>>> print(open('run-v4.pdb').read())   # PDB, C-alpha atoms and all ligand atoms
MODEL        1
ATOM      1  CA  MET L  62     -52.627-100.606 -71.954
ATOM      2  CA  HIS L  63     -52.200 -96.991 -73.070
ATOM      3  CA  LEU L  64     -52.269 -94.442 -70.260
ATOM      4  CA  ASN L  65     -51.407 -90.821 -70.854
ATOM      5  CA  TYR L  66     -49.403 -90.133 -67.723
ATOM      6  CA  ASP L  67     -49.032 -86.471 -68.716
ATOM      7  CA  ASP L  68     -52.751 -85.817 -68.456
ATOM      8  CA  PRO L  69     -53.610 -84.825 -64.850
ATOM      9  CA  ILE L  70     -57.334 -84.738 -65.662
ATOM     10  CA  ALA L  71     -57.279 -88.438 -66.576
ATOM     11  CA  TRP L  72     -55.306 -89.218 -63.388
ATOM     12  CA  LEU L  73     -57.809 -87.362 -61.180
ATOM     13  CA  ASP L  74     -60.620 -89.206 -62.948
ATOM     14  CA  HIS L  75     -59.004 -92.588 -62.308
ATOM     15  CA  ARG L  76     -58.310 -91.895 -58.651
ATOM     16  CA  TYR L  77     -61.871 -90.697 -58.027
ATOM     17  CA  THR L  78     -63.327 -94.229 -57.842
ATOM     18  CA  CYS L  79     -60.618 -95.344 -55.402
ATOM     19  CA  ASP L  80     -61.149 -92.239 -53.274
ATOM     20  CA  VAL L  81     -64.904 -92.840 -53.129
ATOM     21  CA  GLN L  82     -64.297 -96.373 -51.815
ATOM     22  CA  ALA L  83     -61.634 -95.199 -49.390
ATOM     23  CA  ARG L  84     -63.314 -92.140 -47.837
ATOM     24  CA  ASN L  85     -63.929 -92.943 -44.202
ATOM     25  CA  ALA L  86     -67.648 -93.393 -43.488
ATOM     26  CA  SER L  87     -67.400 -92.474 -39.825
ATOM     27  CA  ILE L  88     -65.617 -89.158 -40.500
ATOM     28  CA  GLU L  89     -68.124 -88.403 -43.220
ATOM     29  CA  LYS L  90     -71.004 -89.082 -40.821
ATOM     30  CA  LYS L  91     -69.467 -86.736 -38.225
ATOM     31  CA  PHE L  92     -69.085 -84.003 -40.819
ATOM     32  CA  VAL L  93     -72.628 -84.406 -42.164
ATOM     33  CA  SER L  94     -74.243 -84.607 -38.724
ATOM     34  CA  PHE L  95     -72.226 -81.627 -37.433
ATOM     35  CA  PHE L  96     -73.926 -79.507 -40.093
ATOM     36  CA  ASN L  97     -77.380 -81.114 -39.816
ATOM     37  CA  PRO L  98     -78.699 -78.387 -37.497
ATOM     38  CA  HIS L  99     -77.372 -75.723 -39.927
ATOM     39  CA  GLU L 100     -80.562 -74.412 -41.537
ATOM     40  CA  SER L 101     -79.207 -71.814 -43.930
ATOM     41  CA  VAL L 102     -77.018 -72.105 -47.036
ATOM     42  CA  LEU L 103     -73.812 -74.058 -46.364
ATOM     43  CA  HIS L 104     -70.732 -72.148 -47.566
ATOM     44  CA  ILE L 105     -67.942 -74.541 -48.500
ATOM     45  CA  THR L 106     -64.451 -73.624 -49.674
ATOM     46  CA  ASP L 107     -62.536 -76.422 -51.395
ATOM     47  CA  VAL L 108     -58.750 -75.967 -51.629
ATOM     48  CA  GLY L 109     -56.707 -77.769 -54.297
ATOM     49  CA  ALA L 110     -60.093 -78.496 -55.843
ATOM     50  CA  GLY L 111     -58.767 -80.043 -59.071
ATOM     51  CA  THR L 112     -61.716 -81.099 -61.221
ATOM     52  CA  ALA L 113     -64.436 -80.538 -58.582
ATOM     53  CA  THR L 114     -64.228 -83.982 -57.023
ATOM     54  CA  ASN L 115     -65.648 -82.805 -53.709
ATOM     55  CA  VAL L 116     -68.691 -81.134 -55.294
ATOM     56  CA  CYS L 117     -69.436 -84.327 -57.269
ATOM     57  CA  TYR L 118     -69.132 -86.356 -54.091
ATOM     58  CA  TYR L 119     -71.001 -84.187 -51.558
ATOM     59  CA  PHE L 120     -73.743 -82.440 -53.561
ATOM     60  CA  ASP L 121     -76.070 -85.360 -53.076
ATOM     61  CA  LYS L 122     -74.982 -86.223 -49.541
ATOM     62  CA  LEU L 123     -75.602 -82.781 -48.045
ATOM     63  CA  LYS L 124     -79.223 -81.780 -47.541
ATOM     64  CA  HIS L 125     -78.335 -78.069 -47.655
ATOM     65  CA  GLN L 126     -78.448 -75.367 -50.251
ATOM     66  CA  GLN L 127     -74.748 -75.079 -51.042
ATOM     67  CA  GLU L 128     -72.363 -72.339 -52.071
ATOM     68  CA  TRP L 129     -69.010 -73.705 -53.156
ATOM     69  CA  THR L 130     -65.786 -71.810 -53.820
ATOM     70  CA  LEU L 131     -63.271 -73.992 -55.645
ATOM     71  CA  ILE L 132     -59.687 -72.796 -55.255
ATOM     72  CA  GLU L 133     -57.184 -74.318 -57.638
ATOM     73  CA  ARG L 134     -53.827 -73.097 -58.903
ATOM     74  CA  TYR L 135     -54.244 -74.456 -62.457
ATOM     75  CA  ASP L 136     -56.901 -72.779 -64.532
ATOM     76  CA  PHE L 137     -57.116 -75.684 -67.009
ATOM     77  CA  LEU L 138     -58.271 -77.920 -64.120
ATOM     78  CA  LEU L 139     -61.018 -75.438 -63.255
ATOM     79  CA  GLN L 140     -62.145 -75.507 -66.896
ATOM     80  CA  ALA L 141     -62.236 -79.306 -66.659
ATOM     81  CA  ALA L 142     -64.149 -79.001 -63.361
ATOM     82  CA  ARG L 143     -66.838 -76.920 -65.065
ATOM     83  CA  GLU L 144     -67.140 -79.483 -67.852
ATOM     84  CA  ARG L 145     -67.274 -82.359 -65.376
ATOM     85  CA  LEU L 146     -70.097 -80.697 -63.426
ATOM     86  CA  ARG L 147     -72.009 -80.071 -66.651
ATOM     87  CA  LYS L 148     -71.745 -83.792 -67.453
ATOM     88  CA  LEU L 149     -72.803 -84.697 -63.913
ATOM     89  CA  ALA L 150     -75.918 -82.541 -64.307
ATOM     90  CA  GLU L 151     -76.685 -84.218 -67.625
ATOM     91  CA  GLN L 152     -76.230 -87.757 -66.242
ATOM     92  CA  GLN L 153     -78.188 -87.148 -63.040
ATOM     93  CA  GLY L 154     -80.930 -85.049 -64.631
ATOM     94  CA  TYR L 155     -80.073 -81.941 -62.556
ATOM     95  CA  LEU L 156     -80.959 -78.525 -63.910
ATOM     96  CA  TRP L 157     -77.880 -76.646 -65.063
ATOM     97  CA  ASP L 158     -77.258 -72.941 -65.168
ATOM     98  CA  GLU L 159     -73.975 -71.496 -66.366
ATOM     99  CA  GLN L 160     -72.480 -67.990 -66.027
ATOM    100  CA  SER L 161     -68.926 -66.839 -66.723
ATOM    101  CA  ASP L 162     -67.743 -67.015 -63.108
ATOM    102  CA  ARG L 163     -70.072 -69.650 -61.652
ATOM    103  CA  VAL L 164     -72.401 -72.566 -62.403
ATOM    104  CA  GLN L 165     -75.435 -73.980 -60.639
ATOM    105  CA  LEU L 166     -76.636 -77.527 -60.119
ATOM    106  CA  ILE L 167     -80.309 -77.785 -59.212
ATOM    107  CA  ASP L 168     -81.951 -80.976 -58.011
ATOM    108  CA  ASN L 169     -85.623 -80.356 -57.158
ATOM    109  CA  ASN L 170     -85.448 -77.897 -54.246
ATOM    110  CA  LYS L 171     -81.736 -78.204 -53.704
ATOM    111  CA  ARG L 172     -79.249 -75.923 -55.395
ATOM    112  CA  ALA L 173     -75.449 -75.679 -55.408
ATOM    113  CA  THR L 174     -73.751 -72.560 -56.693
ATOM    114  CA  ILE L 175     -70.134 -73.217 -57.613
ATOM    115  CA  ARG L 176     -67.540 -70.457 -58.110
ATOM    116  CA  PHE L 177     -64.199 -71.198 -59.738
ATOM    117  CA  VAL L 178     -61.224 -69.307 -58.353
ATOM    118  CA  ASN L 179     -57.796 -69.635 -59.885
ATOM    119  CA  GLY L 180     -55.152 -69.003 -57.216
ATOM    120  CA  ASP L 181     -52.805 -70.314 -54.574
ATOM    121  CA  VAL L 182     -53.975 -71.420 -51.142
ATOM    122  CA  GLU L 183     -51.381 -69.036 -49.650
ATOM    123  CA  HIS L 184     -53.806 -66.220 -50.530
ATOM    124  CA  LEU L 185     -56.870 -67.926 -49.082
ATOM    125  CA  GLU L 186     -58.298 -64.761 -47.522
ATOM    126  CA  GLU L 187     -58.258 -62.947 -50.869
ATOM    127  CA  LEU L 188     -59.764 -65.893 -52.757
ATOM    128  CA  THR L 189     -62.765 -66.725 -50.594
ATOM    129  CA  ASP L 190     -65.011 -64.950 -48.116
ATOM    130  CA  MET L 191     -63.681 -66.220 -44.792
ATOM    131  CA  GLU L 192     -66.468 -64.494 -42.853
ATOM    132  CA  GLN L 193     -69.055 -66.547 -44.705
ATOM    133  CA  THR L 194     -67.227 -69.873 -45.018
ATOM    134  CA  ASP L 195     -68.631 -72.650 -42.786
ATOM    135  CA  VAL L 196     -66.199 -75.404 -43.727
ATOM    136  CA  LEU L 197     -62.876 -75.687 -45.535
ATOM    137  CA  VAL L 198     -62.640 -78.992 -47.392
ATOM    138  CA  ALA L 199     -59.810 -80.645 -49.323
ATOM    139  CA  ASN L 200     -59.184 -84.033 -50.863
ATOM    140  CA  ALA L 201     -55.666 -85.388 -51.501
ATOM    141  CA  PHE L 202     -54.119 -81.986 -50.981
ATOM    142  CA  TYR L 203     -52.143 -81.307 -47.814
ATOM    143  CA  ASP L 204     -49.134 -83.504 -48.632
ATOM    144  CA  LEU L 205     -48.424 -80.916 -51.359
ATOM    145  CA  ILE L 206     -48.011 -77.854 -49.142
ATOM    146  CA  SER L 207     -45.484 -77.002 -46.443
ATOM    147  CA  PHE L 208     -45.821 -77.128 -42.679
ATOM    148  CA  ASP L 209     -45.585 -73.295 -42.571
ATOM    149  CA  GLN L 210     -48.293 -72.922 -45.204
ATOM    150  CA  PHE L 211     -50.524 -75.302 -43.262
ATOM    151  CA  ASP L 212     -49.798 -73.470 -40.007
ATOM    152  CA  ALA L 213     -50.838 -70.157 -41.594
ATOM    153  CA  LEU L 214     -53.964 -71.738 -43.087
ATOM    154  CA  ILE L 215     -55.082 -73.248 -39.775
ATOM    155  CA  GLY L 216     -54.480 -69.901 -38.037
ATOM    156  CA  LYS L 217     -56.867 -68.304 -40.542
ATOM    157  CA  ILE L 218     -59.615 -70.900 -40.192
ATOM    158  CA  ALA L 219     -59.339 -70.913 -36.382
ATOM    159  CA  ARG L 220     -59.665 -67.094 -36.328
ATOM    160  CA  HIS L 221     -62.855 -67.331 -38.408
ATOM    161  CA  ASN L 222     -64.242 -70.369 -36.603
ATOM    162  CA  ILE L 223     -64.370 -72.440 -39.806
ATOM    163  CA  ALA L 224     -64.707 -76.236 -39.621
ATOM    164  CA  PHE L 225     -62.025 -78.328 -41.337
ATOM    165  CA  LEU L 226     -62.472 -81.502 -43.391
ATOM    166  CA  SER L 227     -59.548 -83.132 -45.136
ATOM    167  CA  THR L 228     -59.838 -86.516 -46.815
ATOM    168  CA  LEU L 229     -57.237 -88.826 -48.368
ATOM    169  CA  ASN L 230     -54.221 -87.365 -46.579
ATOM    170  CA  TYR L 231     -51.286 -89.475 -47.823
ATOM    171  CA  TYR L 232     -49.399 -91.603 -45.335
ATOM    172  CA  GLU L 233     -47.564 -94.566 -46.902
ATOM    173  CA  THR L 234     -47.498 -97.170 -49.681
ATOM    174  CA  SER L 235     -46.897-100.909 -49.269
ATOM    175  CA  PHE L 236     -46.543-103.722 -51.777
ATOM    176  CA  TYR L 237     -47.578-107.378 -51.665
ATOM    177  CA  PRO L 238     -45.736-109.680 -51.971
ATOM    178  CA  PHE L 239     -43.205-107.901 -49.717
ATOM    179  CA  GLN L 240     -39.687-107.297 -50.950
ATOM    180  CA  GLU L 241     -36.745-106.364 -48.808
ATOM    181  CA  GLU L 242     -36.017-103.329 -51.033
ATOM    182  CA  ASP L 243     -39.527-101.834 -50.610
ATOM    183  CA  HIS L 244     -38.474 -99.908 -47.539
ATOM    184  CA  GLN L 245     -35.512 -98.277 -49.303
ATOM    185  CA  VAL L 246     -37.527 -97.426 -52.422
ATOM    186  CA  MET L 247     -40.276 -95.840 -50.347
ATOM    187  CA  ARG L 248     -37.705 -93.888 -48.353
ATOM    188  CA  TRP L 249     -36.434 -92.358 -51.634
ATOM    189  CA  TYR L 250     -39.975 -91.744 -52.872
ATOM    190  CA  HIS L 251     -40.867 -89.904 -49.675
ATOM    191  CA  MET L 252     -37.562 -87.956 -49.859
ATOM    192  CA  HIS L 253     -38.601 -86.767 -53.307
ATOM    193  CA  MET L 254     -41.900 -85.447 -51.903
ATOM    194  CA  LYS L 255     -39.759 -83.319 -49.595
ATOM    195  CA  ARG L 256     -37.441 -81.915 -52.286
ATOM    196  CA  PRO L 257     -36.944 -78.142 -52.153
ATOM    197  CA  GLN L 258     -39.667 -76.294 -54.101
ATOM    198  CA  PRO L 259     -40.313 -72.559 -54.616
ATOM    199  CA  PHE L 260     -42.738 -72.455 -51.644
ATOM    200  CA  GLY L 261     -40.469 -74.524 -49.338
ATOM    201  CA  ILE L 262     -40.614 -78.226 -48.425
ATOM    202  CA  ALA L 263     -43.947 -80.045 -48.801
ATOM    203  CA  MET L 264     -45.229 -82.040 -45.825
ATOM    204  CA  GLY L 265     -45.322 -85.124 -48.068
ATOM    205  CA  ALA L 266     -45.789 -88.392 -46.215
ATOM    206  CA  ASP L 267     -45.517 -86.576 -42.865
ATOM    207  CA  CYS L 268     -48.670 -84.579 -43.571
ATOM    208  CA  CYS L 269     -51.017 -86.624 -41.335
ATOM    209  CA  GLU L 270     -48.741 -86.355 -38.324
ATOM    210  CA  GLU L 271     -47.918 -82.683 -38.866
ATOM    211  CA  MET L 272     -51.542 -81.733 -39.497
ATOM    212  CA  LEU L 273     -52.698 -83.454 -36.319
ATOM    213  CA  ASP L 274     -49.951 -81.684 -34.325
ATOM    214  CA  LEU L 275     -50.909 -78.279 -35.663
ATOM    215  CA  LEU L 276     -54.648 -78.789 -35.291
ATOM    216  CA  THR L 277     -54.006 -79.800 -31.669
ATOM    217  CA  GLN L 278     -51.852 -76.712 -31.095
ATOM    218  CA  HIS L 279     -54.752 -74.586 -32.314
ATOM    219  CA  HIS L 280     -57.010 -76.355 -29.751
ATOM    220  CA  LEU L 281     -59.394 -77.784 -32.339
ATOM    221  CA  MET L 282     -61.500 -80.872 -31.596
ATOM    222  CA  ILE L 283     -60.173 -83.535 -33.944
ATOM    223  CA  GLU L 284     -61.590 -86.748 -35.360
ATOM    224  CA  GLN L 285     -59.394 -88.897 -37.595
ATOM    225  CA  GLU L 286     -59.756 -92.323 -39.215
ATOM    226  CA  SER L 287     -58.016 -94.197 -41.967
ATOM    227  CA  SER L 288     -58.981 -94.099 -45.652
ATOM    228  CA  GLN L 289     -57.039 -96.784 -47.447
ATOM    229  CA  TRP L 290     -56.718 -97.650 -51.127
ATOM    230  CA  HIS L 291     -56.462-101.366 -51.645
ATOM    231  CA  LEU L 292     -55.336-101.728 -55.248
ATOM    232  CA  LYS L 293     -56.082-105.353 -55.953
ATOM    233  CA  ARG L 294     -54.415-107.495 -58.610
ATOM    234  CA  SER L 295     -57.074-106.568 -61.142
ATOM    235  CA  ASN L 296     -56.600-102.817 -60.679
ATOM    236  CA  THR L 297     -53.729-102.643 -63.146
ATOM    237  CA  THR L 298     -54.518 -99.057 -64.213
ATOM    238  CA  MET L 299     -53.916 -97.591 -60.776
ATOM    239  CA  GLN L 300     -50.928 -99.867 -60.226
ATOM    240  CA  HIS L 301     -49.388 -98.594 -63.484
ATOM    241  CA  TYR L 302     -49.860 -95.036 -62.266
ATOM    242  CA  ILE L 303     -48.244 -95.722 -58.877
ATOM    243  CA  LEU L 304     -45.184 -97.407 -60.410
ATOM    244  CA  HIS L 305     -44.894 -94.589 -62.945
ATOM    245  CA  PHE L 306     -45.042 -91.874 -60.257
ATOM    246  CA  ILE L 307     -42.327 -93.639 -58.284
ATOM    247  CA  GLU L 308     -40.184 -94.042 -61.413
ATOM    248  CA  ILE L 309     -40.311 -90.360 -62.404
ATOM    249  CA  ALA L 310     -39.781 -89.210 -58.811
ATOM    250  CA  LEU L 311     -36.685 -91.344 -58.300
ATOM    251  CA  ALA L 312     -35.242 -90.242 -61.663
ATOM    252  CA  GLU L 313     -35.136 -86.706 -60.206
ATOM    253  CA  LEU L 314     -33.040 -87.768 -57.213
ATOM    254  CA  ASN L 315     -29.261 -87.947 -57.346
ATOM    255  CA  LEU L 316     -29.051 -91.692 -56.750
ATOM    256  CA  THR L 317     -25.647 -93.387 -57.078
ATOM    257  CA  PHE L 318     -25.189 -96.031 -59.816
ATOM    258  CA  GLU L 319     -25.520 -98.710 -57.190
ATOM    259  CA  GLU L 320     -28.773 -97.220 -55.900
ATOM    260  CA  GLN L 321     -30.118 -96.789 -59.438
ATOM    261  CA  ASP L 322     -29.335-100.445 -60.030
ATOM    262  CA  LEU L 323     -31.197-101.520 -56.894
ATOM    263  CA  PHE L 324     -34.177 -99.436 -57.982
ATOM    264  CA  SER L 325     -34.277-100.706 -61.559
ATOM    265  CA  GLN L 326     -34.176-104.334 -60.350
ATOM    266  CA  TRP L 327     -37.005-103.558 -57.949
ATOM    267  CA  LEU L 328     -39.051-101.837 -60.655
ATOM    268  CA  LYS L 329     -38.497-104.671 -63.117
ATOM    269  CA  THR L 330     -39.802-107.196 -60.583
ATOM    270  CA  ARG L 331     -42.808-105.030 -59.687
ATOM    271  CA  LYS L 332     -43.686-104.463 -63.371
ATOM    272  CA  LYS L 333     -43.497-108.196 -64.018
ATOM    273  CA  GLN L 334     -45.765-108.888 -61.056
ATOM    274  CA  LEU L 335     -48.183-106.248 -62.334
ATOM    275  CA  HIS L 336     -48.143-107.847 -65.765
ATOM    276  CA  ASP L 337     -48.726-111.318 -64.205
ATOM    277  CA  ARG L 338     -51.462-109.878 -61.986
ATOM    278  CA  SER L 339     -49.777-110.984 -58.813
ATOM    279  CA  LEU L 340     -49.197-107.505 -57.347
ATOM    280  CA  GLU L 341     -51.264-105.705 -54.732
ATOM    281  CA  ILE L 342     -50.612-102.166 -53.564
ATOM    282  CA  ILE L 343     -51.944-100.614 -50.385
ATOM    283  CA  VAL L 344     -51.890 -96.833 -50.085
ATOM    284  CA  ASP L 345     -52.600 -95.576 -46.585
ATOM    285  CA  HIS L 346     -54.240 -92.217 -45.980
ATOM    286  CA  ASN L 347     -56.311 -90.662 -43.230
ATOM    287  CA  ASP L 348     -59.398 -88.436 -43.114
ATOM    288  CA  ILE L 349     -59.635 -85.624 -40.574
ATOM    289  CA  PHE L 350     -62.587 -83.567 -39.377
ATOM    290  CA  ALA L 351     -61.835 -80.748 -36.930
ATOM    291  CA  THR L 352     -63.956 -78.061 -35.312
ATOM    292  CA  GLU L 353     -63.569 -75.393 -32.622
TER     293      GLU L 353
HETATM  294  C1  LIG V 401     -53.884 -84.560 -55.879
HETATM  295  S1  LIG V 401     -54.747 -83.235 -56.592
HETATM  296  C2  LIG V 401     -56.367 -83.435 -55.867
HETATM  297  C3  LIG V 401     -57.429 -82.702 -56.633
HETATM  298  C4  LIG V 401     -58.853 -82.867 -56.102
HETATM  299  N1  LIG V 401     -58.981 -82.378 -54.748
HETATM  300  C5  LIG V 401     -59.244 -84.331 -56.173
HETATM  301  O1  LIG V 401     -59.408 -84.956 -55.133
HETATM  302  O2  LIG V 401     -59.389 -84.836 -57.289
HETATM  303  C6  LIG V 401     -54.128 -81.805 -55.742
HETATM  304  C7  LIG V 401     -54.576 -80.487 -56.364
HETATM  305  O3  LIG V 401     -54.091 -79.379 -55.603
HETATM  306  C8  LIG V 401     -53.673 -78.349 -56.485
HETATM  307  N2  LIG V 401     -52.692 -77.531 -55.745
HETATM  308  C9  LIG V 401     -51.476 -77.924 -55.303
HETATM  309  N3  LIG V 401     -50.886 -76.946 -54.600
HETATM  310  C10 LIG V 401     -51.759 -75.899 -54.587
HETATM  311  C11 LIG V 401     -51.725 -74.619 -54.004
HETATM  312  N4  LIG V 401     -50.662 -74.213 -53.308
HETATM  313  N5  LIG V 401     -52.800 -73.814 -54.138
HETATM  314  C12 LIG V 401     -53.886 -74.225 -54.862
HETATM  315  N6  LIG V 401     -53.972 -75.446 -55.443
HETATM  316  C13 LIG V 401     -52.922 -76.275 -55.311
HETATM  317  C14 LIG V 401     -53.081 -79.117 -57.660
HETATM  318  O4  LIG V 401     -52.998 -78.323 -58.829
HETATM  319  C15 LIG V 401     -54.058 -80.281 -57.782
HETATM  320  O5  LIG V 401     -55.140 -79.981 -58.613
ENDMDL
END
>>> encode(input="run-v4.pdb", output="structure tokens", more="lines below")
Ligand SMILES: C[S@@+](CC[C@H](N)C(=O)[O-])C[C@H]1O[C@@H](n2cnc3c(N)ncnc32)[C@H](O)[C@@H]1O
Amino acid sequence: MHLNYDDPIAWLDHRYTCDVQARNASIEKKFVSFFNPHESVLHITDVGAGTATNVCYYFDKLKHQQEWTLIERYDFLLQAARERLRKLAEQQGYLWDEQSDRVQLIDNNKRATIRFVNGDVEHLEELTDMEQTDVLVANAFYDLISFDQFDALIGKIARHNIAFLSTLNYYETSFYPFQEEDHQVMRWYHMHMKRPQPFGIAMGADCCEEMLDLLTQHHLMIEQESSQWHLKRSNTTMQHYILHFIEIALAELNLTFEEQDLFSQWLKTRKKQLHDRSLEIIVDHNDIFATE
């Protein structure tokens, strides 16, 4: 199988199907019903928006007229987002209107206006209209930012009384059949998520716990449920991706020769199992909905 691991657009495309299956139905219901009484346009800001996954997923599910602001630090992903939405309109028979800074999807009487904003979540207040925003959404995002960045972000949304929805918050990865070395390999993988970066240390696999702590400190009402990927034996594409991500992460750590040896034996076994279709991978996440 040929996978271009260097193409983030392809990766986000592949994970979309798994995310759709994993998104927690009860959290989604709470989010949708919370906004049911909201009669006017729903203003949604999506942080770490990637290729507009959340718009694709929620446009249909929300009954509202929608105004989306997609915040993403890589402009090429926003270009891909625009293209993806154009294709969605074509496939679903939505009307499509395109301007330089925004696009519109129109399905009978329902319309979504989507603005693309290239920038870092640190500057949230300059990138979106906080006064107008009703809900801040994110999918597979908060493991990538630091505790301090999240603290600042929650302070801002609490000040503006903005609801908070975050899906697919990474928690842990397990492999079947079990191997004694799994625990050690995952410890290294999670250490790599917490390597020093220009903005600080990402929350990584601690994001669920740290987010819940901070949301509680800000006195928000919190709902949380699990959203698990179960990558069955047949899902070799996603399994290839997971093993690849672990391999490149561990190559960036200063492992001793002995540790490198343990890891390469582990990887060899896991790749063989993948090839023989005897491997299953579970990736645990949670979904959180929080309001004032
Ligand atoms: C795992 S991807 C998820 C993308 C999209 N939400 C989805 O579900 O397909 C995380 C995204 O967050 C973006 N990102 C990471 N850190 C960011 C930051 N500090 N500010 C804005 N975007 C960021 C990345 O470029 C990437 O597109």
>>> residues_near_ligand(input="run-v4.pdb", ligand="ligand LIG 401 (chain V)", cutoff="8 Å", atoms="all atoms listed in the file", output="ChimeraX atom specification")
/L:73-74,76-77,80,107-115,132-135,138,179-183,199-202,205-206
>>> residues_around(input="run-v4.pdb", residues="Asp243 in chain L", least_positions_apart="6", cutoff="9 Å", atoms="only C-alpha atoms", output="count of residues only")
3
>>> atom_distance(input="run-v4.pdb", atom1="CA of His301 in chain L", atom2="CA of Leu335 in chain L")
7.8 Å
>>> atom_distance(input="run-v4.pdb", atom1="CA of Asp162 in chain L", atom2="CA of Val102 in chain L")
19.2 Å
>>> closest_residue(input="run-v4.pdb", among="L:His99, L:His75, L:His104, L:His125", to="Ile175 in chain L", atoms="all atoms listed in the file")
L:His104
>>> residues_around(input="run-v4.pdb", residues="range 329-334 of chain L", least_positions_apart="4", cutoff="9 Å", atoms="all atoms listed in the file", output="mmCIF file with C-alpha atoms, in the coordinates of the input")
data_model
loop_
_atom_site.group_PDB
_atom_site.id
_atom_site.type_symbol
_atom_site.label_atom_id
_atom_site.label_comp_id
_atom_site.auth_asym_id
_atom_site.auth_seq_id
_atom_site.Cartn_x
_atom_site.Cartn_y
_atom_site.Cartn_z
ATOM 1 C CA PHE L 236 -46.543 -103.722 -51.777
ATOM 2 C CA HIS L 301 -49.388 -98.594 -63.484
ATOM 3 C CA LEU L 304 -45.184 -97.407 -60.410
ATOM 4 C CA PHE L 324 -34.177 -99.436 -57.982
ATOM 5 C CA SER L 325 -34.277 -100.706 -61.559
ATOM 6 C CA ARG L 338 -51.462 -109.878 -61.986
ATOM 7 C CA SER L 339 -49.777 -110.984 -58.813
ATOM 8 C CA LEU L 340 -49.197 -107.505 -57.347
ATOM 9 C CA GLU L 341 -51.264 -105.705 -54.732
#
>>> atom_distance(input="run-v4.pdb", atom1="CA of Asp209 in chain L", atom2="CA of Ile283 in chain L")
19.8 Å
>>> closest_residue(input="run-v4.pdb", among="L:Leu149, L:Leu123, L:Val81, L:Ile215", to="Pro98 in chain L", atoms="all atoms listed in the file")
L:Leu123
>>> residues_around(input="run-v4.pdb", residues="Glu242 in chain L", least_positions_apart="4", cutoff="10 Å", atoms="all atoms listed in the file", output="count of residues only")
7
